[in-house]
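Asks: Take this structure first; my questions come after.
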Amino acid sequence: MFAKFCCAVIVSLAASSDAHCAEQAASPIPRSVMALEGCWEGSGDVTGKPVALAVNAYLIVQDAMLAIEAVSSAIADPKDQYSAHLVFGGTGKQSESEADQIVGYWADSFGGAFAAPGRGIGGADGFEITYQYPDDAFVNRWRISGDRLTWQIAARDRKGVEKPFASYVLHKAACGS
């Protein structure tokens with residue numbers, strides 16, 4: 001009897017959570033973020049060190065968010081590698097008259113202690129998102145013009161002073177299988 005009761009409760013909870021999920025519509029991904037979808041290759045520098053960079057941007061979680069896998073290696077030492085996994089999504093209904101609100105998350109090959117949530121806004125030619133860390137904020141500016149993508153990162157101190165941290169220029173590339 002108790003087993004039948006537990007099964008009934010579990011089925012009831014599952015049905016109610018499915019109904020709740022069905023009622024929720026996903027927040028649309030801002031167009032400025034969706035423009036990144038696909039693969040990109042290029043080069044740049046990180047704190048003055050020349051690097052090669054490959055980016056793969058693809059939809060995840062039932063197309064509700066865009067994930068980016070970025071892999072770079074130092075040009076002088078290909079064994080000096082770095083990887084980042086970025087996730088972007090919208091915060092609600094997007095409108096033509098207001099800036100697109102963006103949420104994101106940064107995780108990288110330095111591990112969990114260096115992961116951070118981000119917030120930003122989109123515009124006609126790209127978007128900006130800021131990740132707050134204990135000492136500095138890292139402002140990421142993504143700009144697209146045709147098949148050219150620029151990604152600049154600045155470290156912003158508590159006084160609002162920015163210093164260049166990384167800068168990349170990429171071009172659209174064919175995605176591998």
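In the structure tokens, chains take letters A, B, ... by order of appearance, with residues numbered from 1 within each chain and ligands from 1 in the order shown.
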Could you give me, as a VMD selection string, each residue of segment 98-175 of chain A that DSSP assigns to strand (DSSP E or B) when run on this structure's backbone?

Replies: chain A and resid 100 to 108 116 to 123 126 to 132 137 to 145 148 to 156 162 to 173

Asks: Any chance you could export the current selection's N, CA and C atoms as a compact mmCIF listing (two decimals), in the first residue's frame?

Replies:
```txt
# COMPACT_ATOMS: atom_id res chain seq x y z
N ASP A 100 19.28 44.55 -26.20
CA ASP A 100 19.10 43.16 -25.81
C ASP A 100 19.87 42.89 -24.51
N GLN A 101 19.18 42.36 -23.51
CA GLN A 101 19.82 42.00 -22.25
C GLN A 101 20.37 40.58 -22.38
N ILE A 102 21.60 40.38 -21.92
CA ILE A 102 22.30 39.11 -22.08
C ILE A 102 22.82 38.64 -20.73
N VAL A 103 22.69 37.34 -20.48
CA VAL A 103 23.33 36.71 -19.33
C VAL A 103 24.32 35.69 -19.88
N GLY A 104 25.35 35.41 -19.09
CA GLY A 104 26.33 34.45 -19.55
C GLY A 104 27.09 33.82 -18.41
N TYR A 105 27.95 32.90 -18.78
CA TYR A 105 28.79 32.22 -17.81
C TYR A 105 30.12 31.89 -18.47
N TRP A 106 31.20 32.11 -17.73
CA TRP A 106 32.56 31.86 -18.22
C TRP A 106 33.18 30.75 -17.39
N ALA A 107 33.66 29.72 -18.04
CA ALA A 107 34.40 28.64 -17.38
C ALA A 107 35.61 28.36 -18.27
N ASP A 108 36.75 28.08 -17.65
CA ASP A 108 37.93 27.85 -18.47
C ASP A 108 38.87 26.81 -17.88
N ALA A 116 32.85 32.41 -13.72
CA ALA A 116 32.12 33.61 -13.31
C ALA A 116 30.87 33.81 -14.16
N PRO A 117 29.79 34.32 -13.54
CA PRO A 117 28.61 34.72 -14.30
C PRO A 117 28.85 36.09 -14.92
N GLY A 118 28.11 36.38 -15.99
CA GLY A 118 28.25 37.67 -16.63
C GLY A 118 26.91 38.26 -17.00
N ARG A 119 26.92 39.58 -17.20
CA ARG A 119 25.73 40.31 -17.66
C ARG A 119 26.16 41.30 -18.72
N GLY A 120 25.29 41.51 -19.70
CA GLY A 120 25.65 42.44 -20.75
C GLY A 120 24.47 42.91 -21.57
N ILE A 121 24.79 43.63 -22.63
CA ILE A 121 23.78 44.16 -23.55
C ILE A 121 24.25 43.95 -24.98
N GLY A 122 23.28 43.80 -25.86
CA GLY A 122 23.57 43.62 -27.28
C GLY A 122 23.16 44.83 -28.07
N GLY A 123 23.71 44.92 -29.25
CA GLY A 123 23.40 46.01 -30.16
C GLY A 123 23.41 45.53 -31.59
N GLY A 126 27.02 43.82 -32.45
CA GLY A 126 27.64 42.90 -31.52
C GLY A 126 27.10 43.09 -30.12
N PHE A 127 27.89 42.67 -29.15
CA PHE A 127 27.44 42.80 -27.77
C PHE A 127 28.63 42.93 -26.83
N GLU A 128 28.31 43.32 -25.61
CA GLU A 128 29.31 43.48 -24.56
C GLU A 128 28.79 42.74 -23.33
N ILE A 129 29.66 41.98 -22.69
CA ILE A 129 29.30 41.27 -21.47
C ILE A 129 30.44 41.38 -20.48
N THR A 130 30.10 41.58 -19.21
CA THR A 130 31.11 41.78 -18.17
C THR A 130 31.02 40.67 -17.14
N TYR A 131 32.18 40.11 -16.82
CA TYR A 131 32.30 39.07 -15.80
C TYR A 131 33.02 39.69 -14.61
N GLN A 132 32.37 39.65 -13.44
CA GLN A 132 32.94 40.26 -12.25
C GLN A 132 33.74 39.23 -11.46
N ALA A 137 36.87 43.42 -13.04
CA ALA A 137 35.83 42.93 -13.94
C ALA A 137 36.50 42.75 -15.29
N PHE A 138 36.06 41.73 -16.04
CA PHE A 138 36.59 41.54 -17.38
C PHE A 138 35.47 41.82 -18.36
N VAL A 139 35.66 42.88 -19.16
CA VAL A 139 34.67 43.34 -20.12
C VAL A 139 35.02 42.73 -21.47
N ASN A 140 34.09 41.94 -22.01
CA ASN A 140 34.27 41.28 -23.30
C ASN A 140 33.42 42.00 -24.33
N ARG A 141 34.04 42.45 -25.39
CA ARG A 141 33.34 43.15 -26.48
C ARG A 141 33.45 42.31 -27.74
N TRP A 142 32.31 41.85 -28.23
CA TRP A 142 32.21 41.03 -29.43
C TRP A 142 31.62 41.89 -30.54
N ARG A 143 32.29 42.02 -31.67
CA ARG A 143 31.79 42.81 -32.81
C ARG A 143 31.91 41.98 -34.08
N ILE A 144 30.84 42.02 -34.89
CA ILE A 144 30.82 41.27 -36.15
C ILE A 144 30.57 42.23 -37.29
N SER A 145 31.37 42.06 -38.34
CA SER A 145 31.18 42.80 -39.57
C SER A 145 31.39 41.81 -40.72
N ARG A 148 33.84 38.75 -40.45
CA ARG A 148 34.95 39.12 -39.55
C ARG A 148 34.40 39.36 -38.14
N LEU A 149 35.06 38.75 -37.17
CA LEU A 149 34.67 38.87 -35.77
C LEU A 149 35.86 39.42 -34.98
N THR A 150 35.61 40.46 -34.20
CA THR A 150 36.64 40.93 -33.27
C THR A 150 36.13 40.68 -31.86
N TRP A 151 37.05 40.25 -31.01
CA TRP A 151 36.73 39.97 -29.61
C TRP A 151 37.82 40.63 -28.78
N GLN A 152 37.43 41.62 -28.03
CA GLN A 152 38.38 42.34 -27.17
C GLN A 152 37.98 42.16 -25.72
N ILE A 153 38.99 41.96 -24.88
CA ILE A 153 38.76 41.81 -23.45
C ILE A 153 39.60 42.86 -22.72
N ALA A 154 38.95 43.60 -21.83
CA ALA A 154 39.64 44.61 -21.02
C ALA A 154 39.42 44.28 -19.55
N ALA A 155 40.46 44.47 -18.75
CA ALA A 155 40.33 44.34 -17.30
C ALA A 155 39.96 45.71 -16.75
N ARG A 156 38.87 45.78 -16.00
CA ARG A 156 38.39 47.05 -15.44
C ARG A 156 38.55 46.99 -13.91
N GLU A 162 40.14 50.91 -17.41
CA GLU A 162 40.31 49.70 -18.20
C GLU A 162 41.72 49.58 -18.74
N LYS A 163 42.22 48.33 -18.77
CA LYS A 163 43.49 48.00 -19.39
C LYS A 163 43.26 46.86 -20.35
N PRO A 164 43.82 46.94 -21.57
CA PRO A 164 43.66 45.82 -22.51
C PRO A 164 44.21 44.53 -21.91
N PHE A 165 43.45 43.45 -22.10
CA PHE A 165 43.87 42.14 -21.62
C PHE A 165 44.09 41.18 -22.79
N ALA A 166 43.13 41.15 -23.72
CA ALA A 166 43.24 40.27 -24.89
C ALA A 166 42.51 40.90 -26.06
N SER A 167 42.96 40.56 -27.25
CA SER A 167 42.33 41.08 -28.46
C SER A 167 42.51 40.05 -29.58
N TYR A 168 41.41 39.73 -30.26
CA TYR A 168 41.45 38.73 -31.34
C TYR A 168 40.73 39.26 -32.57
N VAL A 169 41.19 38.82 -33.72
CA VAL A 169 40.49 39.04 -34.98
C VAL A 169 40.32 37.66 -35.60
N LEU A 170 39.05 37.33 -35.89
CA LEU A 170 38.73 36.00 -36.43
C LEU A 170 37.93 36.14 -37.71
N HIS A 171 37.94 35.08 -38.49
CA HIS A 171 37.13 35.03 -39.70
C HIS A 171 36.30 33.74 -39.67
N LYS A 172 35.16 33.78 -40.36
CA LYS A 172 34.27 32.61 -40.45
C LYS A 172 35.06 31.45 -41.04
N ALA A 173 34.86 30.28 -40.49
CA ALA A 173 35.57 29.08 -40.95
C ALA A 173 34.58 27.91 -41.06
```

Asks: Hey, what does DSSP flag as alpha helix (DSSP H) within segment 14-153 of chain A? Can you give it to me as a count of residues only?

Replies: 14

Asks: Go through A:Tyr82, A:Tyr58, A:Phe110, A:Phe88 one by one, measure the shortest atom-to-atom distance of each to Ile29 of chain A using only C-alpha atoms, and give the residue with the smallest value.

Replies: A:Phe88

Asks: Contacts of Pro50 of chain A at 12 Å or less, counting only C-alpha atoms, minus same-chain residues fewer than 5 places along, as JSON, numbers by chain?

Replies: {"A": [42, 43, 44, 45, 72, 73, 74, 75, 76, 77, 78, 80, 81, 166, 167, 168, 169]}

Asks: Find the spatial neighbours of Asp63 of chain A, counting only C-alpha atoms, within a cut-off of 10 Å - ignore same-chain residues fewer than 2 positions away - and output them as a PyMOL selection string.

Replies: chain A and resi 26+28-29+58-61+65-67+89

Asks: Using Å and a single decimal, report how far atom CA of Asp147 of chain A sits from atom CA of Ala57 of chain A.

Replies: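 For atom CA of Ala57 of chain A relative to atom CA of Asp147 of chain A, the distance reads 14.1 Å.
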
Asks: Give the answer as one residue: which of A:Thr91, A:Ala115, A:Gly48, A:Ala124 has the shortest atom-to-atom distance to Arg31 of chain A, using only C-alpha atoms?

Replies: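 Checking each of A:Thr91, A:Ala115, A:Gly48, A:Ala124 against Arg31 of chain A, counting only C-alpha atoms, the winner is A:Ala124.
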
Asks: Return the single residue from A:Asn56, A:Ser109, A:Ser27, A:Thr47 that is closest to Ser83 of chain A, with distances computed using only C-alpha atoms.

Replies: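 The answer is A:Ser109, which sits nearest to Ser83 of chain A.
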
Asks: What is the atom CA of Cys175 of chain A-atom CA of Glu41 of chain A distance in Å, reported with one decimal?

Replies: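 Going from atom CA of Cys175 of chain A over to atom CA of Glu41 of chain A covers 10.0 Å.
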